[in-house]
file input.cif (mmCIF, C-alpha atoms)
data_protein
loop_
_atom_site.label_atom_id
_atom_site.label_comp_id
_atom_site.auth_asym_id
_atom_site.auth_seq_id
_atom_site.Cartn_x
_atom_site.Cartn_y
_atom_site.Cartn_z
CA MET A 1 -22.23 -15.42 -67.23
CA ALA A 2 -22.26 -12.05 -65.48
CA THR A 3 -18.57 -12.17 -64.63
CA LYS A 4 -17.65 -12.98 -68.18
CA LYS A 5 -19.79 -10.10 -69.39
CA MET A 6 -18.07 -7.76 -66.96
CA TYR A 7 -14.68 -8.63 -68.38
CA GLU A 8 -15.93 -8.20 -71.92
CA SER A 9 -17.53 -4.81 -71.28
CA PHE A 10 -14.83 -3.31 -69.10
CA SER A 11 -11.07 -3.48 -69.42
CA LYS A 12 -9.05 -5.79 -67.19
CA SER A 13 -7.12 -2.81 -65.82
CA LEU A 14 -10.39 -1.23 -64.65
CA ILE A 15 -11.49 -4.45 -62.93
CA ASP A 16 -8.08 -4.70 -61.23
CA GLU A 17 -8.52 -1.11 -60.04
CA VAL A 18 -11.95 -1.93 -58.62
CA HIS A 19 -10.43 -4.79 -56.61
CA ARG A 20 -7.62 -2.54 -55.37
CA TRP A 21 -9.98 0.22 -54.21
CA ARG A 22 -12.34 -2.28 -52.64
CA ALA A 23 -9.63 -3.21 -50.13
CA MET A 24 -9.27 0.36 -48.88
CA LYS A 25 -10.88 1.48 -45.62
CA GLN A 26 -14.11 3.49 -45.71
CA THR A 27 -14.36 6.63 -43.57
CA GLY A 28 -17.66 7.37 -41.84
CA VAL A 29 -18.79 10.93 -41.14
CA SER A 30 -21.23 12.07 -38.43
CA LEU A 31 -24.18 14.40 -38.96
CA ARG A 32 -22.61 16.81 -36.47
CA TYR A 33 -19.30 16.84 -38.37
CA MET A 34 -21.08 17.46 -41.69
CA MET A 35 -22.94 20.32 -40.06
CA GLU A 36 -19.89 21.93 -38.43
CA PHE A 37 -17.69 21.51 -41.50
CA GLY A 38 -20.39 22.77 -43.87
CA SER A 39 -21.21 25.82 -41.76
CA ARG A 40 -18.13 27.49 -43.32
CA PRO A 41 -18.31 26.62 -47.03
CA THR A 42 -15.13 28.50 -47.89
CA GLN A 43 -13.24 27.65 -51.08
CA ARG A 44 -10.64 25.92 -48.92
CA ASN A 45 -13.25 23.77 -47.17
CA LEU A 46 -14.92 22.86 -50.47
CA LEU A 47 -11.50 21.85 -51.79
CA ILE A 48 -10.87 19.65 -48.72
CA SER A 49 -14.35 18.12 -49.09
CA ALA A 50 -13.79 17.35 -52.81
CA GLN A 51 -10.39 15.79 -52.10
CA PHE A 52 -11.99 13.58 -49.43
CA LEU A 53 -14.80 12.49 -51.80
CA HIS A 54 -12.30 11.83 -54.59
CA LYS A 55 -10.86 9.05 -52.40
CA GLU A 56 -13.93 8.00 -50.43
CA LEU A 57 -16.51 7.56 -53.22
CA PRO A 58 -14.48 5.11 -55.35
CA THR A 59 -13.83 3.01 -52.22
CA ARG A 60 -17.52 2.75 -51.43
CA ILE A 61 -18.57 2.21 -55.06
CA ALA A 62 -15.92 -0.48 -55.63
CA ARG A 63 -17.23 -2.55 -52.72
CA ARG A 64 -20.73 -2.57 -54.14
CA ALA A 65 -19.58 -3.24 -57.72
CA ILE A 66 -17.74 -6.39 -56.60
CA GLU A 67 -20.71 -7.55 -54.54
CA LEU A 68 -23.02 -7.10 -57.52
CA GLU A 69 -20.92 -9.71 -59.31
CA THR A 70 -21.21 -12.43 -56.68
CA LEU A 71 -24.89 -12.65 -55.74
CA PRO A 72 -26.50 -16.06 -55.15
CA TYR A 73 -29.34 -17.77 -57.06
CA GLY A 74 -28.19 -16.15 -60.31
CA LEU A 75 -29.32 -12.66 -59.23
CA SER A 76 -26.09 -11.17 -60.64
CA GLU A 77 -27.10 -12.32 -64.10
CA LYS A 78 -30.54 -10.71 -64.18
CA PRO A 79 -30.69 -7.92 -66.82
CA ALA A 80 -31.75 -5.25 -64.30
CA VAL A 81 -28.85 -6.11 -61.96
CA LEU A 82 -26.37 -6.07 -64.84
CA LYS A 83 -27.58 -2.57 -65.67
CA VAL A 84 -27.01 -1.39 -62.08
CA ARG A 85 -23.55 -2.96 -62.08
CA ASP A 86 -22.71 -1.05 -65.27
CA TRP A 87 -23.79 2.22 -63.63
CA TYR A 88 -21.49 1.51 -60.68
CA LEU A 89 -18.53 0.64 -62.88
CA ASP A 90 -19.09 3.73 -65.07
CA SER A 91 -19.16 5.91 -61.96
CA PHE A 92 -16.05 4.23 -60.55
CA ARG A 93 -14.23 4.88 -63.82
CA ASP A 94 -15.33 8.54 -63.88
CA LEU A 95 -14.06 9.07 -60.33
CA THR A 96 -10.74 7.28 -60.63
CA SER A 97 -9.88 8.82 -64.00
CA PHE A 98 -10.51 12.33 -62.65
CA PRO A 99 -7.15 14.06 -62.04
CA GLU A 100 -5.96 15.24 -58.66
CA ILE A 101 -8.04 18.15 -57.31
CA ARG A 102 -5.66 21.08 -56.72
CA ASP A 103 -7.67 24.29 -57.01
CA THR A 104 -11.17 25.80 -57.17
CA ASN A 105 -11.58 25.13 -60.90
CA ASP A 106 -10.79 21.44 -60.35
CA GLU A 107 -13.24 21.39 -57.43
CA LEU A 108 -16.05 22.90 -59.51
CA GLU A 109 -15.45 20.40 -62.33
CA PHE A 110 -15.41 17.56 -59.81
CA SER A 111 -18.68 18.80 -58.29
CA GLN A 112 -20.36 18.79 -61.70
CA MET A 113 -19.13 15.26 -62.33
CA ILE A 114 -20.41 13.84 -59.01
CA LYS A 115 -23.72 15.61 -59.59
CA MET A 116 -24.00 13.64 -62.86
CA ILE A 117 -23.07 10.42 -61.03
CA LYS A 118 -25.92 11.04 -58.57
CA VAL A 119 -28.35 11.48 -61.49
CA ARG A 120 -27.03 8.30 -63.16
CA HIS A 121 -27.92 6.34 -60.02
CA ASN A 122 -31.42 7.84 -59.56
CA ASN A 123 -33.20 4.62 -60.54
CA VAL A 124 -30.96 2.14 -58.73
CA VAL A 125 -33.60 1.16 -56.14
CA PRO A 126 -36.46 0.37 -58.55
CA MET A 127 -33.97 -1.25 -60.95
CA MET A 128 -32.67 -3.56 -58.21
CA ALA A 129 -36.29 -4.23 -57.20
CA LEU A 130 -36.96 -5.27 -60.79
CA GLY A 131 -33.94 -7.60 -60.64
CA VAL A 132 -35.37 -9.24 -57.51
CA GLN A 133 -38.75 -9.54 -59.29
CA GLN A 134 -37.01 -11.22 -62.23
CA LEU A 135 -35.42 -13.64 -59.75
CA LYS A 136 -38.65 -14.33 -57.85
CA LYS A 137 -40.49 -15.31 -61.01
CA GLY A 138 -38.23 -18.31 -61.46
CA LEU A 139 -38.04 -19.40 -57.82
CA ASP A 140 -40.14 -21.64 -55.63
CA PRO A 141 -42.07 -19.34 -53.22
CA LYS A 142 -40.77 -21.38 -50.26
CA ILE A 143 -37.20 -20.57 -51.26
CA TYR A 144 -37.69 -16.86 -51.66
CA TYR A 145 -39.24 -16.43 -48.22
CA GLU A 146 -36.99 -18.81 -46.30
CA GLY A 147 -33.72 -19.26 -48.13
CA LEU A 148 -32.78 -15.80 -49.32
CA ASP A 149 -31.12 -14.37 -46.20
CA GLU A 150 -27.95 -13.78 -48.18
CA ILE A 151 -29.76 -11.60 -50.75
CA GLN A 152 -31.60 -9.78 -47.95
CA GLN A 153 -28.30 -8.95 -46.20
CA PHE A 154 -26.70 -7.89 -49.47
CA LEU A 155 -29.58 -5.53 -50.29
CA ASP A 156 -29.42 -4.01 -46.80
CA ARG A 157 -25.70 -3.33 -47.27
CA PHE A 158 -26.19 -2.14 -50.84
CA TYR A 159 -29.03 0.29 -50.13
CA LEU A 160 -27.41 1.58 -46.92
CA SER A 161 -24.21 2.29 -48.85
CA ARG A 162 -26.27 4.07 -51.53
CA ILE A 163 -27.88 6.32 -48.91
CA GLY A 164 -24.39 7.30 -47.71
CA ILE A 165 -23.01 7.92 -51.20
CA ARG A 166 -25.99 10.11 -52.13
CA MET A 167 -25.79 12.00 -48.83
CA LEU A 168 -22.08 12.79 -49.31
CA ILE A 169 -22.53 13.89 -52.94
CA GLY A 170 -25.70 15.85 -52.23
CA GLN A 171 -24.20 17.57 -49.20
CA HIS A 172 -21.07 18.64 -51.11
CA VAL A 173 -23.02 19.92 -54.12
CA ALA A 174 -25.57 21.77 -51.95
CA LEU A 175 -22.78 23.66 -50.13
CA HIS A 176 -22.22 25.57 -53.40
CA ASP A 177 -25.63 27.24 -53.13
CA PRO A 178 -24.88 30.97 -52.76
CA ASN A 179 -28.29 31.58 -51.12
CA PRO A 180 -29.08 28.56 -48.95
CA PRO A 181 -32.49 28.46 -47.22
CA PRO A 182 -32.44 29.79 -43.63
CA ASP A 183 -30.89 27.40 -41.09
CA CYS A 184 -29.82 24.96 -43.82
CA ILE A 185 -26.29 23.60 -44.21
CA GLY A 186 -26.37 21.59 -47.41
CA TYR A 187 -28.93 18.82 -46.93
CA ILE A 188 -29.08 19.38 -43.16
CA HIS A 189 -31.68 21.64 -41.56
CA THR A 190 -30.26 22.81 -38.23
CA LYS A 191 -33.72 23.71 -36.89
CA MET A 192 -35.95 21.08 -38.46
CA SER A 193 -39.45 20.76 -37.02
CA PRO A 194 -40.37 17.04 -37.08
CA VAL A 195 -44.05 17.96 -36.65
CA GLU A 196 -43.94 20.16 -39.75
CA VAL A 197 -42.10 17.51 -41.82
CA ALA A 198 -44.56 14.85 -40.61
CA ARG A 199 -47.47 17.09 -41.61
CA ASN A 200 -46.09 17.63 -45.14
CA ALA A 201 -45.26 13.94 -45.60
CA SER A 202 -48.67 12.80 -44.38
CA GLU A 203 -50.44 15.26 -46.69
CA ASP A 204 -48.48 13.82 -49.62
CA ALA A 205 -49.38 10.26 -48.58
CA ARG A 206 -53.04 11.20 -48.13
CA ALA A 207 -53.15 12.72 -51.63
CA ILE A 208 -52.00 9.40 -53.09
CA CYS A 209 -54.60 7.50 -51.05
CA LEU A 210 -57.31 9.88 -52.34
CA ARG A 211 -56.12 9.34 -55.91
CA GLU A 212 -56.15 5.55 -55.62
CA TYR A 213 -59.26 4.98 -53.51
CA GLY A 214 -61.33 8.13 -53.93
CA SER A 215 -61.27 8.76 -50.18
CA ALA A 216 -58.75 8.70 -47.34
CA PRO A 217 -58.79 8.48 -43.54
CA ASP A 218 -58.02 11.63 -41.55
CA ILE A 219 -54.59 12.10 -40.01
CA ASP A 220 -54.16 13.55 -36.51
CA ILE A 221 -50.72 14.86 -35.49
CA TYR A 222 -49.69 15.39 -31.86
CA GLY A 223 -46.49 17.12 -30.75
CA ASP A 224 -44.91 20.51 -30.24
CA PRO A 225 -44.70 22.26 -33.64
CA ASN A 226 -42.05 24.63 -32.23
CA PHE A 227 -39.67 21.81 -31.26
CA THR A 228 -36.69 21.59 -33.66
CA PHE A 229 -33.46 19.59 -33.95
CA PRO A 230 -30.79 19.13 -36.65
CA TYR A 231 -31.62 16.44 -39.21
CA VAL A 232 -32.03 15.81 -42.94
CA PRO A 233 -35.64 16.76 -43.82
CA THR A 234 -35.70 14.78 -47.08
CA HIS A 235 -34.80 11.59 -45.17
CA LEU A 236 -37.47 12.15 -42.52
CA HIS A 237 -40.09 13.05 -45.14
CA MET A 238 -39.42 9.83 -47.01
CA MET A 239 -39.68 7.68 -43.85
CA VAL A 240 -42.88 9.28 -42.50
CA PHE A 241 -44.44 9.28 -45.99
CA GLU A 242 -43.81 5.53 -46.27
CA LEU A 243 -45.22 4.73 -42.81
CA VAL A 244 -48.31 6.91 -43.22
CA LYS A 245 -48.93 5.56 -46.71
CA ASN A 246 -48.93 2.00 -45.33
CA SER A 247 -51.29 2.97 -42.51
CA LEU A 248 -53.70 4.78 -44.82
CA ARG A 249 -53.86 1.82 -47.16
CA ALA A 250 -54.47 -0.61 -44.29
CA VAL A 251 -57.28 1.51 -42.80
CA GLN A 252 -58.83 2.26 -46.19
CA GLU A 253 -58.96 -1.42 -47.15
CA GLN A 254 -60.17 -2.48 -43.70
CA PHE A 255 -63.12 -0.04 -43.75
CA MET A 256 -63.83 0.11 -47.49
CA ASP A 257 -67.02 -1.95 -47.31
CA SER A 258 -67.96 -0.92 -43.78
CA ASP A 259 -70.72 1.43 -42.63
CA LYS A 260 -68.40 2.74 -39.92
CA VAL A 261 -66.34 5.89 -40.40
CA ALA A 262 -62.68 4.99 -40.97
CA PRO A 263 -60.68 5.86 -37.81
CA PRO A 264 -57.88 8.42 -38.22
CA VAL A 265 -54.19 7.60 -38.49
CA ARG A 266 -52.39 9.13 -35.50
CA ILE A 267 -48.87 10.57 -35.55
CA ILE A 268 -47.20 11.36 -32.22
CA VAL A 269 -43.86 13.22 -32.06
CA ALA A 270 -41.93 12.92 -28.78
CA ASP A 271 -38.66 14.69 -28.02
CA GLY A 272 -36.52 12.69 -25.61
CA VAL A 273 -33.00 13.41 -24.38
CA GLU A 274 -31.31 10.93 -26.74
CA ASP A 275 -33.96 10.26 -29.39
CA VAL A 276 -36.74 12.00 -31.21
CA THR A 277 -39.42 9.34 -31.67
CA ILE A 278 -42.28 9.48 -34.14
CA LYS A 279 -45.07 6.97 -33.69
CA VAL A 280 -47.51 6.27 -36.52
CA SER A 281 -50.58 4.38 -35.27
CA ASP A 282 -53.44 2.94 -37.26
CA GLU A 283 -56.51 0.76 -36.75
CA GLY A 284 -56.14 -0.98 -40.08
CA GLY A 285 -56.50 -4.55 -38.85
CA GLY A 286 -52.84 -5.22 -38.08
CA ILE A 287 -50.43 -7.80 -39.46
CA PRO A 288 -50.53 -11.51 -38.53
CA ARG A 289 -47.66 -12.50 -36.25
CA SER A 290 -46.47 -15.01 -38.84
CA GLY A 291 -46.14 -12.15 -41.36
CA LEU A 292 -44.15 -9.76 -39.15
CA PRO A 293 -40.67 -11.23 -39.88
CA ARG A 294 -41.29 -10.70 -43.60
CA ILE A 295 -42.22 -7.01 -43.57
CA PHE A 296 -38.57 -5.92 -43.60
CA THR A 297 -37.57 -8.18 -46.46
CA TYR A 298 -37.28 -6.99 -50.05
CA LEU A 299 -39.27 -9.99 -51.22
CA TYR A 300 -42.55 -9.32 -49.47
CA SER A 301 -45.42 -7.09 -50.43
CA THR A 302 -49.15 -7.41 -49.85
CA ALA A 303 -50.07 -5.53 -53.03
CA LYS A 304 -49.52 -6.22 -56.71
CA ASN A 305 -46.23 -4.95 -58.01
CA PRO A 306 -46.43 -1.83 -60.19
CA LEU A 307 -43.21 -2.86 -61.95
CA ASP A 308 -45.06 -5.77 -63.52
CA GLU A 309 -47.50 -3.31 -65.06
CA GLN A 310 -44.88 -1.02 -66.59
CA SER A 311 -42.94 -2.32 -69.53
CA ASP A 312 -40.40 0.47 -69.35
CA LEU A 313 -39.05 0.95 -65.84
CA GLY A 314 -37.66 4.38 -66.50
CA THR A 315 -40.95 5.95 -67.55
CA SER A 316 -42.90 6.08 -64.32
CA ASN A 317 -42.08 8.31 -61.39
CA VAL A 318 -45.63 8.26 -60.01
CA ALA A 319 -45.72 7.13 -56.39
CA THR A 320 -48.02 4.17 -55.76
CA MET A 321 -49.69 2.98 -52.57
CA ALA A 322 -47.80 -0.31 -52.42
CA GLY A 323 -46.03 -3.00 -54.32
CA TYR A 324 -42.30 -2.52 -54.68
CA GLY A 325 -41.74 -4.39 -51.43
CA TYR A 326 -38.97 -2.13 -50.18
CA GLY A 327 -40.65 0.85 -48.51
CA LEU A 328 -40.28 -0.42 -44.96
CA PRO A 329 -36.80 -1.96 -45.20
CA ILE A 330 -35.40 1.14 -46.89
CA SER A 331 -37.08 3.43 -44.37
CA ARG A 332 -35.37 1.43 -41.61
CA LEU A 333 -32.02 1.91 -43.35
CA TYR A 334 -32.56 5.69 -43.56
CA ALA A 335 -33.27 5.68 -39.82
CA ARG A 336 -30.20 3.55 -39.05
CA TYR A 337 -27.90 5.59 -41.30
CA PHE A 338 -27.53 8.29 -38.63
CA GLY A 339 -27.92 6.03 -35.59
CA GLY A 340 -31.72 5.66 -35.35
CA ASN A 341 -34.05 2.73 -35.94
CA LEU A 342 -37.55 1.70 -37.04
CA GLN A 343 -39.69 -0.83 -35.18
CA ILE A 344 -43.11 -2.19 -36.07
CA ILE A 345 -45.48 -3.57 -33.42
CA SER A 346 -48.79 -5.01 -34.56
CA MET A 347 -52.02 -6.30 -33.03
CA GLU A 348 -53.73 -8.59 -35.49
CA GLY A 349 -57.43 -7.74 -35.58
CA TYR A 350 -56.81 -4.15 -34.49
CA GLY A 351 -53.91 -2.20 -36.02
CA THR A 352 -50.23 -1.40 -36.24
CA ASP A 353 -47.84 0.98 -34.47
CA ALA A 354 -44.61 2.04 -36.16
CA TYR A 355 -41.93 3.62 -33.95
CA LEU A 356 -39.38 5.73 -35.80
CA HIS A 357 -36.40 6.56 -33.57
CA LEU A 358 -34.02 9.34 -34.68
CA SER A 359 -30.80 10.11 -32.85
CA ARG A 360 -31.13 13.62 -31.45
CA LEU A 361 -27.44 14.01 -30.64
CA GLY A 362 -26.17 13.83 -34.24
CA ASP A 363 -22.78 12.46 -33.18
CA SER A 364 -23.12 8.85 -34.34
CA GLN A 365 -21.02 8.03 -37.39
CA GLU A 366 -22.67 6.99 -40.63
CA GLN A 367 -23.50 3.29 -40.52
CA LEU A 368 -21.15 1.87 -43.16
CA PRO A 369 -21.64 -1.64 -44.57
#

call {"tool": "encode", "arguments": {"input": "input.cif", "output": "structure tokens"}}
result
Amino acid sequence: MATKKMYESFSKSLIDEVHRWRAMKQTGVSLRYMMEFGSRPTQRNLLISAQFLHKELPTRIARRAIELETLPYGLSEKPAVLKVRDWYLDSFRDLTSFPEIRDTNDELEFSQMIKMIKVRHNNVVPMMALGVQQLKKGLDPKIYYEGLDEIQQFLDRFYLSRIGIRMLIGQHVALHDPNPPPDCIGYIHTKMSPVEVARNASEDARAICLREYGSAPDIDIYGDPNFTFPYVPTHLHMMVFELVKNSLRAVQEQFMDSDKVAPPVRIIVADGVEDVTIKVSDEGGGIPRSGLPRIFTYLYSTAKNPLDEQSDLGTSNVATMAGYGYGLPISRLYARYFGGNLQIISMEGYGTDAYLHLSRLGDSQEQLP
């Protein structure tokens, strides 16, 4: 049993500590606060930030470690999930055994440690995806599309929490950069051009489509390239990349054996008062209405899973066109993390529109599960 294994691998005192920290309250931070606080990365501010993380990170990690132990359908006992749980417990132990942070030397040591924690957790998403694959293999297909709401909700909480943990660590570590890029405060770009990020992300997605299919539809981008607002470019890049990649694949497969020229994928960037909205439109045939509820689950993908083709999960970092089954749900979590959202509207027989809403105001707190 997974629980038994946990007690064998880790001391009872550590497990008791995890339960104690789990009960503590999490503290959400807004994008605006991160930006204002980080705009003055003095030694004193870095010290305050490290002291905050020293308490906040174990609280967030403890919640997920306990949840990893109590998943339904035996998911907790899958080898990939056990590995993730071990990473979380190792990180919890590193954080809670670190002494009180009193001065700059302590802060620098702490920063190195949390940087290592972030690296340790690099493969959490594909590893959890592998755990779900291991579960799916032994389940009736009817069960894993209809009866796994509990696992779906857990994975939403788990991945959303991971986004927050990585943002907090990455932001703190990046504030140490003595020569930050212009207009950047840690991970946040105060004058980010969504059109420029969309262009870079779509070029990356198109390169993958070219590699897999030998050709790729064109991409047309509409919007003011001079419009900027504060956001996290890496988050936006990941979301647009995922949406464009899906659209390119749909169009490519729809027109592969056709004499017609594949229609372009269109990206429209609109700057509203409250939201910046990015629409990705394609004419790739759309999604049947019966399939729409499943596109945001972690158990649904229309392509073969690359994990099944790789014996060693840790060896491949090559992006693929499809298959993990978590691109859309995780993109939606990135959008929601700072108060935005992702919606998909489809016309079967024609194409799909994805609407990515980003909060322009930056004052919504992190969404904390």

call {"tool": "atom_distance", "arguments": {"input": "input.cif", "atom1": "CA of Leu53 in chain A", "atom2": "CA of Asn179 in chain A"}}
result
23.4 Å

call {"tool": "residues_around", "arguments": {"input": "input.cif", "residues": "range 75-86 of chain A", "least_positions_apart": "4", "cutoff": "7 Å", "atoms": "only C-alpha atoms", "output": "list in words"}}
result
Met1, Ala2, Ala65, Leu68, Glu69, Thr70, Leu71, Asp90, Val124, Met127, Met128, Leu130, Gly131, Gln134 and Leu135 of chain A

call {"tool": "atom_distance", "arguments": {"input": "input.cif", "atom1": "CA of Pro264 in chain A", "atom2": "CA of Met192 in chain A"}}
result
25.3 Å

call {"tool": "residues_around", "arguments": {"input": "input.cif", "residues": "range 226-230 of chain A", "least_positions_apart": "2", "cutoff": "8 Å", "atoms": "only C-alpha atoms", "output": "list of chain:residue names"}}
result
A:Ile188, A:His189, A:Thr190, A:Lys191, A:Met192, A:Ser193, A:Pro194, A:Val195, A:Asp224, A:Val232, A:Asp271, A:Arg360, A:Gly362

call {"tool": "atom_distance", "arguments": {"input": "input.cif", "atom1": "CA of Thr59 in chain A", "atom2": "CA of Val18 in chain A"}}
result
8.3 Å

call {"tool": "resolve_selection", "arguments": {"input": "input.cif", "expression": "the PyMOL selection byres ((chain A and resi 107-117) around 7)", "output": "ChimeraX atom specification"}}
result
/A:47,50,91,101,103-106,118-121,169,173

call {"tool": "residues_around", "arguments": {"input": "input.cif", "residues": "Met167 in chain A", "least_positions_apart": "2", "cutoff": "12 Å", "atoms": "only C-alpha atoms", "output": "MDAnalysis selection string"}}
result
chainID A and resid 28:31 34 53 57 114:115 118 160:165 169:174 186:188 232 234:235 334 337:338 366

call {"tool": "resolve_selection", "arguments": {"input": "input.cif", "expression": "the PyMOL selection byres ((chain A and resi 287) around 6)", "output": "list in words"}}
result
Gly286, Pro288, Ser346 and Glu348 of chain A

call {"tool": "closest_residue", "arguments": {"input": "input.cif", "among": "A:Arg332, A:Arg157, A:Arg40, A:Arg93", "to": "Leu175 in chain A", "atoms": "all atoms listed in the file"}}
result
A:Arg40

call {"tool": "resolve_selection", "arguments": {"input": "input.cif", "expression": "the PyMOL selection byres ((chain A and resi 58) around 8)", "output": "list in words"}}
result
Trp21, His54, Lys55, Glu56, Leu57, Thr59, Arg60, Ile61, Ala62, Phe92, Leu95 and Thr96 of chain A

call {"tool": "residues_near_point", "arguments": {"input": "input.cif", "point": "(-32.8, 7.5, -40.5)", "cutoff": "10 Å", "atoms": "all atoms listed in the file", "output": "ChimeraX atom specification"}}
result
/A:163,231-232,235-236,238-239,330-342,356-359

call {"tool": "residues_around", "arguments": {"input": "input.cif", "residues": "Glu283 in chain A", "least_positions_apart": "2", "cutoff": "9 Å", "atoms": "only C-alpha atoms", "output": "PyMOL selection string"}}
result
chain A and resi 247+250-251+254+262-265+281+285-286+349-353

call {"tool": "closest_residue", "arguments": {"input": "input.cif", "among": "A:Glu242, A:Asp259, A:Glu100, A:Glu253", "to": "Gly214 in chain A", "atoms": "all atoms listed in the file"}}
result
A:Glu253

call {"tool": "closest_residue", "arguments": {"input": "input.cif", "among": "A:Thr297, A:Ser13, A:Gln343, A:Gln367", "to": "Leu155 in chain A", "atoms": "only C-alpha atoms"}}
result
A:Thr297

call {"tool": "closest_residue", "arguments": {"input": "input.cif", "among": "A:Ile221, A:Val197, A:Val125, A:Ala207", "to": "Tyr159 in chain A", "atoms": "only C-alpha atoms"}}
result
A:Val125

call {"tool": "closest_residue", "arguments": {"input": "input.cif", "among": "A:Val132, A:Leu368, A:Leu89, A:Tyr326", "to": "Ser11 in chain A", "atoms": "only C-alpha atoms"}}
result
A:Leu89

call {"tool": "axis_aligned_box", "arguments": {"input": "input.cif", "around": "range 347-362 of chain A", "padding_each_side": "3 Å", "output": "JSON"}}
result
{"center_x": -41.8, "center_y": 2.7, "center_z": -33.4, "size_x": 37.3, "size_y": 28.6, "size_z": 11.6}

call {"tool": "residues_around", "arguments": {"input": "input.cif", "residues": "Gly223 in chain A", "least_positions_apart": "5", "cutoff": "8 Å", "atoms": "all atoms listed in the file", "output": "list of chain:residue names"}}
result
A:Val195, A:Ile268, A:Val269, A:Ala270
